[in-house]
Number of protein chains: 2
Amino acid sequence: QGTRDHAPAQTALRDRLLSAVVSCFKRHGAAAIDTPVLELRETLMGKYGEDTKLIYELQDQGGELLALRYDLTVPFARYLAMNKITNIKRYHIAKVYRRDNPAMTRGRYREFYQCDFDIAGQFDPMIPDAECLKIVHEILSDLQLGDFLIKVNDRRILNGVFAVCGVPESKFIPACSTVDKLDKVPWEEVRSEMVGERGLSPEAADRIGEYVQLHGGLDLIERLLQDPKLSQNKLAKEGLGDMKLLFEYLTLFGITGKISFDLSLARGLDYYTGVIFEAVLLQQENEHVEEAVSVGSVAGGGRYDGLVGMFDPKGRKVPCVGVSIGIERIFSILEQRLEASGEKLRTTETQVLVATPQKHLLPARLKLISELWDAGIKAEMLYKKDPKLLKQLQYCEDTGIPLAAIVGEQELADRVVKLRDVATREEVRM
Amino acid sequence: QGTRDHAPAQTALRDRLLSAVVSCFKRHGAAAIDTPVLELRETLMGKYGEDTKLIYELQDQGGELLALRYDLTVPFARYLAMNKITNIKRYHIAKVYRRDNPAMTRGRYREFYQCDFDIAGQFDPMIPDAECLKIVHEILSDLQLGDFLIKVNDRRILNGVFAVCGVPESKFIPACSTVDKLDKVPWEEVRSEMVGERGLSPEAADRIGEYVQLHGGLDLIERLLQDPKLSQNKLAKEGLGDMKLLFEYLTLFGITGKISFDLSLARGLDYYTGVIFEAVLLQQENEHVEEAVSVGSVAGGGRYDGLVGMFDPKGRKVPCVGVSIGIERIFSILEQRLEASGEKLRTTETQVLVATPQKHLLPARLKLISELWDAGIKAEMLYKKDPKLLKQLQYCEDTGIPLAAIVGEQELADRVVKLRDVATREEVRM
């Protein structure tokens, strides 16, 4: 349940998608690493908050207690700490596992690919953070998914807001989770959860509401920097200062048109410490699909400066910022779009079919195809001793093979091959 | 235990290796598929004989009982049966899991990659089988691993030998496992295991010994076809007839020089029903490595005509033949070879570093790098506001970036960029 086989056509589409993402990561100078699907159970515990219950655990068959990785970020942090790496730019594309309620039509699975790009190291503020946003912008533009918006916030700003609104520090994390729902439900519901389940005072909730419903650009940052309460809070001031710097860099990148500073963005995971962001598609541009896939967020990430230190015996920190591309959701959209277009994706790259028009010519076919393979040419033949020529040409049409190399008795006698263009039926002897 | 992280240099080497394998699979017209790492436990049970105990099982956390895949062949057969596919040529490169004793220096892990190519369908005899051997030959030649030998046998010949030597059918499988050890231990030891643990009569063992120590080519096949006992056995006769055909096809492919018909080859897995084969490296050609890695088999496979039927409710069979490339062992060899050569593999593909020679020029760098990225050029910059030019050029040398695009005050004023070749120090303004 919640997993799926990829048939050849799906694999071909996914490979095309992944290669666009990898190109972008390589364009930004990232190296690839790989870590095991299995991690020690203790490595994963206490990193995902309430979602820890969604981790797949392996049976105790003797030896270490193991679990399947839940994301690629915690294994990355474990890898950095274990190898004392303090400076790296890497990408990692691999499957992760979550015992979640699957919603397969919306691209939500229990086994799914993550495509992560992260920059680890002590650098001048917001330069790597800005690059992560540039990457999201490049990938979503390249893939032509229609209009999108990248929401940006900072955990320090959010915590500053909670502080100046009178929320006790112990309730920052639950308040954060509640705020995060603002993209799906109206403020009234969020407010009642704050007051009801989370136990905030109605006054605190109202004050929070005034902040977290704000979104804008540089102008909003400037206004909040002048805000009499927020400007008194050290965390918020730091966060707003960095947000201003970030917007300066994003302006130089020319991408602020699709960026929104949105105080309601909170993101679920515990480990974020600074900038956070999330990209959403604004509409389904494909009119052919009657029920458009509702996909929500297609990329997200942020800064997590404390995670590596959790794995270091001396607690040495390595600041990190990274982005994860929600490839499965994007795949769902591209799959539906392809289906609607009726376009048939080739699943193989075969350039030529080696064919014979008469009987008893299998040896000639085997000899020719072997020469082609050895010359690096992608070639196939039917696995029959004496196939009909029509069947062989039909196979080319069915699978999109553009050329047929035909050796018959005449060609053998003349020591030539007849090369046929399957589409135009043009033939040349060579 | 038995797993490992791949650092960037290892990942780069592995990607290079895998891409050589994928090229070959695509050259032979295969499509890619993907199946989940998780399979239902019942899917894997009863498919691997004694090795079933090596399967990783997941904890029962509610829902289905799951296990990690042990190979890619059983999931492939399950996929064919589930989707009623009777005809496909596919490859699949993915990790599999075995709770085995790891021997990491020899490239034996608990989590490791398999690279499988299989042809499923009802075809004329030995044509797909011959192609599998051609593929092994191409890959091992391409990778320049030194001299190699591909041993070939047929389960039907082996069972025929057992039958004519007076082994009861119930003991065919254990006799097979014992014979398989002949490549590691002398005949006397194999004989004593047959008589002792396996309970064969000394006479039967001696008679088996006369056959299974034979190896050769077409001449040996012809001789055995005339063998007074074997030629009376239906299975053996069929197997030998097909073996003769196989050698004819391999002769047309021009690869019999590296093929040996070897009656001691048995292969461990239960599911083989016809041709089996295994490739071994004959020697370590790398003289720089003092203790050469002992790698044993680097590829193997065979025909399994009954496996798909085990997953079909009506038991409908789909004949299959396939090959698995032992990528981890090959990787160990290449890794040691690279280490010995002192060659440094680049882990990124960055073409140009965007650099500035004076202070306060971060905006110029951000603007230029953004243009380069948008033009599809692989570019990096240091994540510092005011890095020294020397440091920037040093970074190019350390990471192998060939070019530096330098924008200083003069270049900004002249509206040009200075492009520097890092190796030759040549500069052009453009």
# chains A, B, ... in the order shown; residues from 1 in each chain; ligands from 1
>>> residues_around(residues="A:Asp142", least_positions_apart="6", cutoff="10 Å", atoms="only C-alpha atoms", output="CSV table (one decimal) with N, CA, C and O atoms, in the first residue's frame")
chain,number,residue,atom,x,y,z
A,20,ALA,N,16.4,16.8,-15.4
A,20,ALA,CA,16.3,18.3,-15.4
A,20,ALA,C,16.7,18.8,-14.0
A,20,ALA,O,17.4,19.8,-13.9
A,21,VAL,N,16.3,18.1,-13.0
A,21,VAL,CA,16.7,18.5,-11.6
A,21,VAL,C,18.2,18.4,-11.4
A,21,VAL,O,18.8,19.3,-10.9
A,24,CYS,N,20.2,21.1,-13.0
A,24,CYS,CA,20.2,22.3,-12.2
A,24,CYS,C,21.2,22.2,-11.0
A,24,CYS,O,22.0,23.1,-10.8
A,136,VAL,N,15.2,26.7,-6.8
A,136,VAL,CA,13.8,26.4,-6.9
A,136,VAL,C,13.2,27.2,-8.1
A,136,VAL,O,12.4,26.6,-8.9
B,374,ASP,N,21.4,31.2,-15.9
B,374,ASP,CA,20.2,31.2,-16.7
B,374,ASP,C,20.6,30.8,-18.2
B,374,ASP,O,19.7,30.4,-18.9
>>> select_by_dssp(residues="stretch 219-424 of chain B", states="strand (DSSP E)", output="count of residues only")
38
>>> interface_residues(of="chain B", to="chain A", cutoff="6 Å", atoms="only C-alpha atoms", output="count of residues only")
31
>>> residues_around(residues="B:Leu334", least_positions_apart="4", cutoff="9 Å", atoms="only C-alpha atoms", output="compact mmCIF listing (two decimals) with N, CA, C and O atoms, in the first residue's frame")
# COMPACT_ATOMS: atom_id res chain seq x y z
N LEU B 13 32.71 8.06 -9.19
CA LEU B 13 33.24 6.86 -9.81
C LEU B 13 32.11 5.86 -10.09
O LEU B 13 32.04 5.25 -11.16
N LEU B 17 30.72 4.24 -13.65
CA LEU B 17 30.58 2.80 -13.86
C LEU B 17 29.16 2.44 -14.28
O LEU B 17 28.93 1.71 -15.25
N LEU B 145 38.66 -4.49 -17.41
CA LEU B 145 38.96 -5.09 -16.11
C LEU B 145 40.03 -6.17 -16.22
O LEU B 145 40.30 -6.86 -15.25
N ARG B 329 31.54 -5.43 -6.82
CA ARG B 329 32.86 -6.02 -6.91
C ARG B 329 33.70 -5.28 -7.93
O ARG B 329 34.88 -5.00 -7.72
N ILE B 330 33.08 -4.94 -9.04
CA ILE B 330 33.80 -4.17 -10.06
C ILE B 330 34.19 -2.81 -9.50
O ILE B 330 35.30 -2.33 -9.70
N LEU B 338 42.02 3.34 -8.95
CA LEU B 338 42.07 4.80 -8.97
C LEU B 338 42.99 5.30 -7.86
O LEU B 338 43.81 6.20 -8.06
N GLU B 339 42.85 4.69 -6.68
CA GLU B 339 43.68 5.07 -5.54
C GLU B 339 45.15 4.87 -5.86
O GLU B 339 45.98 5.73 -5.61
>>> select_by_dssp(residues="stretch 83-199 of chain B", states="helix (DSSP H, G or I)", output="PyMOL selection string")
chain B and resi 104-106+127-142+155-164+169-183+187-195
>>> write_last_selection(atoms="C-alpha atoms", output="mmCIF file, in the first residue's frame")
data_model
loop_
_atom_site.group_PDB
_atom_site.id
_atom_site.type_symbol
_atom_site.label_atom_id
_atom_site.label_comp_id
_atom_site.auth_asym_id
_atom_site.auth_seq_id
_atom_site.Cartn_x
_atom_site.Cartn_y
_atom_site.Cartn_z
ATOM 1 C CA MET B 104 33.563 -5.032 2.632
ATOM 2 C CA THR B 105 37.111 -5.038 1.210
ATOM 3 C CA ARG B 106 36.019 -7.681 -1.274
ATOM 4 C CA ILE B 127 18.606 -16.208 -29.224
ATOM 5 C CA PRO B 128 17.919 -14.107 -26.076
ATOM 6 C CA ASP B 129 20.248 -16.337 -24.056
ATOM 7 C CA ALA B 130 23.087 -15.607 -26.479
ATOM 8 C CA GLU B 131 22.381 -11.867 -26.231
ATOM 9 C CA CYS B 132 22.760 -11.994 -22.428
ATOM 10 C CA LEU B 133 26.240 -13.489 -22.847
ATOM 11 C CA LYS B 134 27.081 -10.868 -25.455
ATOM 12 C CA ILE B 135 26.114 -8.190 -22.942
ATOM 13 C CA VAL B 136 28.397 -9.605 -20.262
ATOM 14 C CA HIS B 137 31.186 -9.733 -22.834
ATOM 15 C CA GLU B 138 30.605 -6.116 -23.903
ATOM 16 C CA ILE B 139 30.469 -4.724 -20.380
ATOM 17 C CA LEU B 140 33.543 -6.534 -19.095
ATOM 18 C CA SER B 141 35.468 -5.528 -22.236
ATOM 19 C CA ASP B 142 34.328 -1.876 -22.047
ATOM 20 C CA ARG B 155 20.598 -26.957 -15.328
ATOM 21 C CA ARG B 156 19.087 -29.632 -17.583
ATOM 22 C CA ILE B 157 22.530 -31.041 -18.380
ATOM 23 C CA LEU B 158 23.443 -31.050 -14.700
ATOM 24 C CA ASN B 159 20.198 -32.787 -13.741
ATOM 25 C CA GLY B 160 20.762 -35.269 -16.584
ATOM 26 C CA VAL B 161 24.227 -36.005 -15.191
ATOM 27 C CA PHE B 162 22.782 -36.603 -11.727
ATOM 28 C CA ALA B 163 20.097 -38.878 -13.163
ATOM 29 C CA VAL B 164 22.464 -41.067 -15.192
ATOM 30 C CA GLU B 169 15.596 -36.683 -8.017
ATOM 31 C CA SER B 170 14.967 -35.459 -4.462
ATOM 32 C CA LYS B 171 18.713 -34.940 -4.095
ATOM 33 C CA PHE B 172 19.270 -32.943 -7.313
ATOM 34 C CA ILE B 173 19.175 -29.548 -5.573
ATOM 35 C CA PRO B 174 21.584 -30.401 -2.707
ATOM 36 C CA ALA B 175 23.885 -32.175 -5.178
ATOM 37 C CA CYS B 176 23.798 -29.007 -7.281
ATOM 38 C CA SER B 177 24.857 -26.792 -4.355
ATOM 39 C CA THR B 178 27.745 -29.136 -3.608
ATOM 40 C CA VAL B 179 28.965 -29.237 -7.201
ATOM 41 C CA ASP B 180 28.897 -25.417 -7.229
ATOM 42 C CA LYS B 181 31.817 -25.394 -4.764
ATOM 43 C CA LEU B 182 34.198 -26.951 -7.293
ATOM 44 C CA ASP B 183 35.542 -23.524 -8.259
ATOM 45 C CA TRP B 187 37.205 -32.463 -6.144
ATOM 46 C CA GLU B 188 38.135 -34.676 -3.169
ATOM 47 C CA GLU B 189 36.420 -32.263 -0.762
ATOM 48 C CA VAL B 190 33.350 -31.938 -2.958
ATOM 49 C CA ARG B 191 33.199 -35.730 -3.223
ATOM 50 C CA SER B 192 33.375 -36.225 0.515
ATOM 51 C CA GLU B 193 30.562 -33.662 1.087
ATOM 52 C CA MET B 194 28.446 -35.551 -1.457
ATOM 53 C CA VAL B 195 28.972 -38.863 0.266
#
>>> residues_around(residues="B:Phe261", least_positions_apart="3", cutoff="9 Å", atoms="only C-alpha atoms", output="list in words")
Ile150, Lys151, Val152, Asn153, Leu214, His215, Gly216, Gly217, Leu218, Leu220, Ile221, Met243 and Leu265 of chain B
>>> atom_distance(atom1="atom CA of B:Asp227", atom2="atom CA of B:Pro168")
20.7 Å
>>> atom_distance(atom1="atom CA of A:Ala120", atom2="atom CA of A:Leu240")
22.3 Å
>>> decode(residues="stretch 69-86 of chain B", atoms="N, CA and C atoms", output="short mmCIF file (atom, residue, chain, number, x, y, z; two decimals), in the first residue's frame")
data_model
loop_
_atom_site.label_atom_id
_atom_site.label_comp_id
_atom_site.auth_asym_id
_atom_site.auth_seq_id
_atom_site.Cartn_x
_atom_site.Cartn_y
_atom_site.Cartn_z
N ARG B 69 13.58 -6.12 -0.53
CA ARG B 69 13.87 -7.03 -1.63
C ARG B 69 15.27 -7.62 -1.48
N TYR B 70 15.40 -8.87 -1.93
CA TYR B 70 16.64 -9.63 -1.80
C TYR B 70 17.42 -9.59 -3.12
N ASP B 71 16.67 -9.47 -4.19
CA ASP B 71 17.27 -9.30 -5.51
C ASP B 71 16.27 -8.55 -6.38
N LEU B 72 16.58 -8.35 -7.65
CA LEU B 72 15.65 -7.66 -8.55
C LEU B 72 14.87 -8.64 -9.42
N THR B 73 15.21 -9.91 -9.35
CA THR B 73 14.61 -10.90 -10.24
C THR B 73 13.21 -11.29 -9.77
N VAL B 74 13.07 -11.58 -8.48
CA VAL B 74 11.76 -11.95 -7.94
C VAL B 74 10.76 -10.79 -8.07
N PRO B 75 11.15 -9.53 -7.71
CA PRO B 75 10.23 -8.41 -7.96
C PRO B 75 9.86 -8.26 -9.44
N PHE B 76 10.80 -8.54 -10.32
CA PHE B 76 10.52 -8.46 -11.77
C PHE B 76 9.46 -9.49 -12.15
N ALA B 77 9.62 -10.71 -11.67
CA ALA B 77 8.66 -11.78 -11.97
C ALA B 77 7.28 -11.42 -11.40
N ARG B 78 7.27 -10.89 -10.18
CA ARG B 78 6.02 -10.45 -9.55
C ARG B 78 5.36 -9.35 -10.38
N TYR B 79 6.17 -8.42 -10.87
CA TYR B 79 5.67 -7.31 -11.70
C TYR B 79 5.05 -7.83 -13.00
N LEU B 80 5.73 -8.78 -13.65
CA LEU B 80 5.20 -9.34 -14.90
C LEU B 80 3.86 -10.03 -14.66
N ALA B 81 3.79 -10.85 -13.62
CA ALA B 81 2.55 -11.60 -13.35
C ALA B 81 1.42 -10.65 -13.00
N MET B 82 1.71 -9.66 -12.13
CA MET B 82 0.68 -8.72 -11.68
C MET B 82 0.09 -7.93 -12.84
N ASN B 83 0.94 -7.60 -13.81
CA ASN B 83 0.49 -6.77 -14.93
C ASN B 83 0.25 -7.57 -16.20
N LYS B 84 0.28 -8.91 -16.06
CA LYS B 84 0.04 -9.81 -17.20
C LYS B 84 0.90 -9.44 -18.41
N ILE B 85 2.16 -9.14 -18.16
CA ILE B 85 3.09 -8.81 -19.24
C ILE B 85 3.76 -10.10 -19.69
N THR B 86 3.71 -10.38 -20.99
CA THR B 86 4.28 -11.64 -21.47
C THR B 86 5.49 -11.41 -22.37
#
